[in-house]
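The file final.tsv contains TSV, C-alpha atoms:
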chain	number	residue	atom	x	y	z
A	1	MET	CA	-20.58	-1.07	20.84
A	2	THR	CA	-23.50	-0.87	18.47
A	3	ARG	CA	-23.43	-1.87	14.89
A	4	LYS	CA	-23.59	1.80	13.89
A	5	THR	CA	-20.47	2.80	15.86
A	6	LEU	CA	-18.63	-0.18	14.42
A	7	PHE	CA	-19.54	0.95	10.94
A	8	LEU	CA	-18.47	4.53	11.70
A	9	THR	CA	-15.14	3.39	13.14
A	10	ALA	CA	-14.49	1.30	10.05
A	11	ALA	CA	-15.39	4.19	7.77
A	12	LEU	CA	-13.12	6.60	9.64
A	13	GLY	CA	-10.31	4.06	9.56
A	14	THR	CA	-10.65	3.68	5.82
A	15	LEU	CA	-10.63	7.45	5.39
A	16	ALA	CA	-7.52	7.84	7.54
A	17	ALA	CA	-5.74	5.08	5.62
A	18	GLY	CA	-6.71	6.79	2.40
A	19	PHE	CA	-5.12	10.06	3.54
A	20	ILE	CA	-1.93	8.35	4.68
A	21	LEU	CA	-1.59	6.45	1.41
A	22	SER	CA	-2.39	9.38	-0.82
A	23	GLY	CA	0.40	11.55	0.70
A	24	PRO	CA	3.46	10.01	-0.97
A	25	ALA	CA	1.55	9.13	-4.13
A	26	ARG	CA	0.46	12.76	-4.54
A	27	ALA	CA	3.97	14.05	-3.90
A	28	GLN	CA	5.31	11.71	-6.55
A	29	ALA	CA	2.71	12.87	-9.06
A	30	SER	CA	3.57	16.55	-8.76
A	31	VAL	CA	7.32	15.94	-8.74
A	32	ALA	CA	6.81	13.81	-11.85
A	33	GLN	CA	4.98	16.79	-13.41
A	34	ALA	CA	7.82	19.10	-12.35
A	35	LEU	CA	10.30	16.71	-13.99
A	36	SER	CA	8.45	16.79	-17.31
A	37	ALA	CA	8.05	20.58	-17.05
A	38	GLY	CA	11.78	21.08	-16.42
A	39	ALA	CA	11.11	22.58	-12.97
A	40	ALA	CA	13.02	19.75	-11.28
A	41	GLY	CA	15.67	17.34	-12.42
A	42	GLU	CA	18.20	14.71	-11.44
A	43	GLN	CA	21.69	15.75	-10.42
A	44	SER	CA	24.94	13.80	-10.71
A	45	ASP	CA	25.28	13.97	-6.91
A	46	GLY	CA	22.39	11.51	-6.58
A	47	TYR	CA	19.78	14.02	-5.46
A	48	LEU	CA	16.91	15.84	-7.11
A	49	GLY	CA	17.31	19.53	-7.74
A	50	VAL	CA	14.92	22.33	-8.58
A	51	THR	CA	15.26	25.02	-11.21
A	52	GLY	CA	14.11	28.61	-10.93
A	53	SER	CA	10.60	27.80	-12.12
A	54	ALA	CA	9.77	25.30	-9.36
A	55	SER	CA	6.84	26.17	-7.09
A	56	PRO	CA	7.26	26.17	-3.29
A	57	ALA	CA	5.16	22.96	-3.14
A	58	VAL	CA	7.47	21.20	-5.60
A	59	ARG	CA	10.52	22.45	-3.70
A	60	ALA	CA	9.14	21.00	-0.46
A	61	GLU	CA	8.40	17.66	-2.09
A	62	VAL	CA	11.84	17.49	-3.68
A	63	GLU	CA	13.35	18.24	-0.29
A	64	ALA	CA	11.31	15.43	1.30
A	65	ILE	CA	12.38	12.94	-1.38
A	66	ASN	CA	16.02	13.96	-0.96
A	67	ILE	CA	15.86	13.36	2.79
A	68	LYS	CA	14.55	9.84	2.14
A	69	ARG	CA	17.19	9.27	-0.53
A	70	ARG	CA	19.87	10.33	1.90
A	71	ALA	CA	18.56	7.81	4.44
A	72	ALA	CA	18.64	5.04	1.82
A	73	TYR	CA	22.18	6.04	0.74
A	74	THR	CA	23.31	6.08	4.36
A	75	ASP	CA	21.99	2.53	4.90
A	76	LEU	CA	23.75	1.18	1.82
A	77	ALA	CA	26.96	3.07	2.62
A	78	ALA	CA	27.06	1.46	6.05
A	79	LYS	CA	26.52	-1.99	4.51
A	80	ARG	CA	29.30	-1.54	1.97
A	81	GLY	CA	31.72	0.38	4.17
A	82	VAL	CA	31.86	3.39	1.86
A	83	THR	CA	30.87	7.02	2.24
A	84	VAL	CA	27.34	8.32	1.74
A	85	ALA	CA	28.69	10.57	-1.04
A	86	ASP	CA	30.05	7.53	-2.91
A	87	VAL	CA	26.69	5.76	-2.85
A	88	ALA	CA	24.94	8.99	-3.83
A	89	ALA	CA	27.36	9.57	-6.74
A	90	ALA	CA	26.93	5.97	-7.97
A	91	THR	CA	23.16	6.44	-7.87
A	92	GLY	CA	23.54	9.74	-9.72
A	93	CYS	CA	25.37	7.88	-12.50
A	94	GLN	CA	22.44	5.47	-12.76
A	95	THR	CA	19.71	8.12	-12.76
A	96	LEU	CA	21.50	10.18	-15.43
A	97	ALA	CA	22.27	7.07	-17.50
A	98	SER	CA	18.83	5.50	-17.47
A	99	ARG	CA	16.11	7.55	-15.73
A	100	VAL	CA	16.30	11.04	-17.29
A	101	LYS	CA	14.16	11.14	-20.42
A	102	PRO	CA	14.65	13.38	-23.47
A	103	GLY	CA	13.25	16.85	-22.75
A	104	GLN	CA	13.91	16.56	-18.99
A	105	VAL	CA	16.60	18.60	-17.31
A	106	TYR	CA	19.66	17.38	-15.42
A	107	ARG	CA	22.75	18.83	-13.84
A	108	ILE	CA	26.32	17.54	-13.55
A	109	GLY	CA	28.19	18.75	-10.49
A	110	THR	CA	27.63	22.44	-9.99
A	111	GLY	CA	27.22	23.01	-13.73
A	112	PRO	CA	24.21	24.56	-15.43
A	113	TRP	CA	20.90	22.76	-15.91
A	114	GLN	CA	20.88	21.07	-19.29
A	115	THR	CA	18.04	19.55	-21.27
A	116	LYS	CA	18.51	15.96	-22.34
A	117	GLY	CA	18.32	15.41	-26.08
A	118	ASN	CA	18.01	12.07	-27.85
A	119	ASP	CA	21.66	11.18	-27.20
A	120	PRO	CA	22.74	9.64	-23.91
A	121	ILE	CA	24.00	12.11	-21.31
A	122	ALA	CA	27.78	12.50	-21.24
A	123	LEU	CA	28.44	11.08	-17.78
A	124	PRO	CA	31.28	12.10	-15.46
A	125	ALA	CA	34.37	9.89	-15.90
A	126	TYR	CA	33.92	8.21	-12.50
A	127	CYS	CA	30.63	6.67	-13.67
A	128	ALA	CA	32.59	4.39	-16.05
A	129	THR	CA	30.23	1.59	-17.07
A	130	ALA	CA	27.01	3.00	-15.63
A	131	GLY	CA	25.24	3.19	-18.98
A	132	GLN	CA	26.08	-0.36	-20.08
B	1	MET	CA	56.74	-57.62	-16.57
B	2	LYS	CA	55.35	-54.52	-14.92
B	3	ARG	CA	58.56	-52.53	-15.51
B	4	HIS	CA	58.12	-52.73	-19.29
B	5	TYR	CA	54.93	-50.70	-19.08
B	6	LEU	CA	56.63	-47.88	-17.22
B	7	ARG	CA	59.27	-47.22	-19.84
B	8	PRO	CA	57.28	-45.27	-22.45
B	9	GLY	CA	56.07	-42.99	-19.69
B	10	LEU	CA	59.56	-42.38	-18.44
B	11	ILE	CA	60.84	-41.59	-21.93
B	12	ALA	CA	58.01	-39.15	-22.56
B	13	ALA	CA	58.67	-37.43	-19.25
B	14	ALA	CA	62.34	-37.13	-20.06
B	15	MET	CA	61.60	-35.69	-23.53
B	16	LEU	CA	59.20	-33.16	-22.13
B	17	SER	CA	61.32	-32.05	-19.24
B	18	THR	CA	64.50	-31.55	-21.26
B	19	PRO	CA	63.30	-28.70	-23.52
B	20	LEU	CA	61.37	-27.07	-20.72
B	21	GLY	CA	64.38	-27.05	-18.48
B	22	GLY	CA	66.42	-25.51	-21.24
B	23	CYS	CA	64.04	-22.70	-22.18
B	24	ILE	CA	62.54	-21.16	-19.10
B	25	SER	CA	64.63	-19.29	-16.63
B	26	VAL	CA	63.10	-17.24	-13.87
B	27	LYS	CA	65.12	-14.49	-12.31
B	28	ALA	CA	64.07	-12.60	-9.23
B	29	PRO	CA	63.91	-8.86	-10.03
B	30	ASP	CA	66.43	-6.62	-8.31
B	31	LYS	CA	63.85	-3.94	-7.55
B	32	PRO	CA	60.27	-4.39	-6.37
B	33	ILE	CA	57.77	-4.37	-9.23
B	34	GLU	CA	55.86	-1.10	-9.40
B	35	ILE	CA	52.35	-1.10	-10.81
B	36	ASN	CA	51.05	2.36	-11.45
B	37	LEU	CA	47.25	2.26	-11.31
B	38	ASN	CA	46.29	5.67	-12.51
B	39	VAL	CA	42.80	5.40	-11.11
B	40	LYS	CA	41.33	7.28	-8.25
B	41	VAL	CA	40.20	5.13	-5.36
B	42	GLN	CA	36.90	7.00	-5.24
B	43	GLN	CA	36.29	6.16	-8.90
B	44	GLU	CA	36.78	2.45	-8.19
B	45	VAL	CA	34.32	2.62	-5.32
B	46	VAL	CA	31.68	4.32	-7.44
B	47	VAL	CA	32.10	1.76	-10.24
B	48	ARG	CA	31.81	-1.09	-7.74
B	49	LEU	CA	28.59	0.44	-6.39
B	50	GLN	CA	26.78	0.70	-9.73
B	51	LYS	CA	24.84	-2.54	-9.30
B	52	ASP	CA	23.90	-1.62	-5.73
B	53	ALA	CA	22.71	1.77	-6.92
B	54	GLN	CA	20.60	0.20	-9.65
B	55	GLU	CA	18.92	-2.08	-7.10
B	56	LEU	CA	18.40	0.82	-4.70
B	57	ILE	CA	16.50	2.70	-7.43
B	58	GLU	CA	14.43	-0.35	-8.40
B	59	ASN	CA	13.55	-1.14	-4.78
B	60	ASN	CA	12.53	2.44	-3.90
B	61	PRO	CA	10.44	3.67	-6.84
B	62	GLU	CA	8.75	6.30	-4.64
B	63	LEU	CA	12.14	8.00	-4.17
B	64	PHE	CA	12.85	8.05	-7.90
B	65	PRO	CA	9.84	9.49	-9.71
B	66	GLU	CA	10.13	9.65	-13.48
Starting from the file, give its structure as structure tokens.
Amino acid sequence: MTRKTLFLTAALGTLAAGFILSGPARAQASVAQALSAGAAGEQSDGYLGVTGSASPAVRAEVEAINIKRRAAYTDLAAKRGVTVADVAAATGCQTLASRVKPGQVYRIGTGPWQTKGNDPIALPAYCATAGQ
Amino acid sequence: MKRHYLRPGLIAAAMLSTPLGGCISVKAPDKPIEINLNVKVQQEVVVRLQKDAQELIENNPELFPE
């Protein structure tokens, strides 16, 4: 192998790594934009949802995030001996209590999308002490 | 000589045990005690999981964009 091929291989490797790394980071950026624009929001069921104004790209990214969330919920549910829905609901309590910012949208159960004001979100009763 | 030292202790024990024996009476209930916890089991589970959920969010920031 000559020095030139070595250099080329290294350069290609760096490029490939760059593409792999930029995938999730890019997805996060546009979902973050969708969250501020009210095109996507957190739901009490522990998953992200999209509103009518979400683009197909945002919808796909939200779907991808939700699949990963479900995997994480499934792991924790198995560790604690509870259902996936329980872990998801507990996480939903946390996201609504502390992650949704004023101006962003959220949804409780199958209710309508609501915009968060300056007051804390009125959480479902089963969340109990989530906000404390 | 040693017996003299024991006496105050014995008197104190007697004084303490007399009123206690007179006041407290424990009766076994006729029926089993019923405790009505008006809480859904699912609700308890979700409350118990709050800390886990918080850690899950903190440990997976890429799944929880803000």
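Reported to one decimal place, the separation of CA of Leu123 in chain A from CA of Gly81 in chain A is 24.6 Å.
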Please determine an axis-aligned box that encloses all atoms of range 46-52 of chain B listed in the file, with 5 Å added on each side, and express its centre and edge lengths in Å to one decimal as lines of an AutoDock Vina configuration file.
center_x = 28.0
center_y = 0.9
center_z = -8.0
size_x = 18.2
size_y = 16.9
size_z = 14.5
Please report, as a Markdown table, each residue of chain A lying at most 6 Å from chain B, together with the nearest pair of atoms and the separation in Å rounded to one decimal; use only C-alpha atoms, and order rows by chain and ascending residue number.
| residue | atom | partner | partner_atom | distance |
| --- | --- | --- | --- | --- |
| A:Gln28 | CA | B:Pro65 | CA | 6.0 |
| A:Ala32 | CA | B:Glu66 | CA | 5.6 |
| A:Ile65 | CA | B:Leu63 | CA | 5.7 |
| A:Asp86 | CA | B:Val46 | CA | 5.8 |
| A:Ala90 | CA | B:Val46 | CA | 5.1 |
| A:Thr91 | CA | B:Ala53 | CA | 4.8 |
| A:Tyr126 | CA | B:Gln43 | CA | 4.8 |
Review point. Mind pulling up the distance from CA of Arg107 in chain A to CA of Ala78 in chain A?
Key: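 Value for the CA of Ala78 in chain A-CA of Arg107 in chain A distance: 26.8 Å.
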Review point. Between CA of Ala60 in chain A and CA of Val82 in chain A, what is the distance, to one decimal in Å?
Key: 28.8 Å
Can you take the partial range 90-122 of chain A, add N, CA and C atoms, and return it as a short mmCIF file (atom, residue, chain, number, x, y, z; two decimals), in the coordinates of the input?
data_model
loop_
_atom_site.label_atom_id
_atom_site.label_comp_id
_atom_site.auth_asym_id
_atom_site.auth_seq_id
_atom_site.Cartn_x
_atom_site.Cartn_y
_atom_site.Cartn_z
N ALA A 90 27.20 7.16 -7.15
CA ALA A 90 26.93 5.97 -7.97
C ALA A 90 25.47 5.96 -8.41
N THR A 91 24.57 6.37 -7.52
CA THR A 91 23.16 6.44 -7.87
C THR A 91 22.92 7.53 -8.90
N GLY A 92 23.64 8.65 -8.74
CA GLY A 92 23.54 9.74 -9.72
C GLY A 92 23.92 9.27 -11.11
N CYS A 93 24.96 8.45 -11.21
CA CYS A 93 25.37 7.88 -12.50
C CYS A 93 24.21 7.11 -13.12
N GLN A 94 23.54 6.30 -12.27
CA GLN A 94 22.44 5.47 -12.76
C GLN A 94 21.24 6.31 -13.20
N THR A 95 20.88 7.32 -12.40
CA THR A 95 19.71 8.12 -12.76
C THR A 95 19.98 8.87 -14.07
N LEU A 96 21.19 9.43 -14.20
CA LEU A 96 21.50 10.18 -15.43
C LEU A 96 21.59 9.24 -16.63
N ALA A 97 22.09 8.01 -16.39
CA ALA A 97 22.27 7.07 -17.50
C ALA A 97 20.94 6.49 -17.98
N SER A 98 20.01 6.26 -17.05
CA SER A 98 18.83 5.50 -17.47
C SER A 98 17.48 6.07 -17.05
N ARG A 99 17.43 7.08 -16.19
CA ARG A 99 16.11 7.55 -15.73
C ARG A 99 15.69 8.86 -16.41
N VAL A 100 16.66 9.73 -16.70
CA VAL A 100 16.30 11.04 -17.29
C VAL A 100 15.87 10.83 -18.74
N LYS A 101 14.69 11.32 -19.07
CA LYS A 101 14.16 11.14 -20.42
C LYS A 101 14.45 12.38 -21.28
N PRO A 102 14.45 12.21 -22.60
CA PRO A 102 14.65 13.38 -23.47
C PRO A 102 13.65 14.48 -23.13
N GLY A 103 14.12 15.71 -23.08
CA GLY A 103 13.25 16.85 -22.75
C GLY A 103 13.32 17.21 -21.27
N GLN A 104 13.77 16.27 -20.43
CA GLN A 104 13.91 16.56 -18.99
C GLN A 104 15.27 17.20 -18.75
N VAL A 105 15.35 17.91 -17.62
CA VAL A 105 16.60 18.60 -17.31
C VAL A 105 17.44 17.80 -16.31
N TYR A 106 18.74 18.04 -16.34
CA TYR A 106 19.66 17.38 -15.42
C TYR A 106 20.84 18.30 -15.18
N ARG A 107 21.61 18.00 -14.16
CA ARG A 107 22.75 18.83 -13.84
C ARG A 107 23.93 17.96 -13.41
N ILE A 108 25.10 18.26 -13.94
CA ILE A 108 26.32 17.54 -13.55
C ILE A 108 27.15 18.44 -12.66
N GLY A 109 27.43 17.96 -11.46
CA GLY A 109 28.19 18.75 -10.49
C GLY A 109 27.47 20.05 -10.20
N THR A 110 28.25 21.15 -10.24
CA THR A 110 27.63 22.44 -9.99
C THR A 110 27.38 23.19 -11.31
N GLY A 111 27.41 22.42 -12.40
CA GLY A 111 27.22 23.01 -13.73
C GLY A 111 25.80 23.50 -13.95
N PRO A 112 25.55 24.03 -15.14
CA PRO A 112 24.21 24.56 -15.43
C PRO A 112 23.21 23.42 -15.68
N TRP A 113 21.93 23.73 -15.55
CA TRP A 113 20.90 22.76 -15.91
C TRP A 113 20.93 22.58 -17.42
N GLN A 114 20.87 21.34 -17.86
CA GLN A 114 20.88 21.07 -19.29
C GLN A 114 19.66 20.21 -19.62
N THR A 115 19.18 20.36 -20.85
CA THR A 115 18.04 19.55 -21.27
C THR A 115 18.57 18.34 -22.03
N LYS A 116 18.06 17.17 -21.66
CA LYS A 116 18.51 15.96 -22.34
C LYS A 116 17.93 15.91 -23.75
N GLY A 117 18.78 15.61 -24.70
CA GLY A 117 18.32 15.41 -26.08
C GLY A 117 18.07 13.93 -26.31
N ASN A 118 18.22 13.49 -27.56
CA ASN A 118 18.01 12.07 -27.85
C ASN A 118 19.25 11.24 -27.57
N ASP A 119 20.42 11.91 -27.48
CA ASP A 119 21.66 11.18 -27.20
C ASP A 119 21.78 10.93 -25.71
N PRO A 120 22.50 9.87 -25.34
CA PRO A 120 22.74 9.64 -23.91
C PRO A 120 23.51 10.81 -23.30
N ILE A 121 23.30 11.04 -22.02
CA ILE A 121 24.00 12.11 -21.31
C ILE A 121 25.48 11.75 -21.18
N ALA A 122 26.34 12.72 -21.44
CA ALA A 122 27.78 12.50 -21.24
C ALA A 122 28.04 12.47 -19.74
#
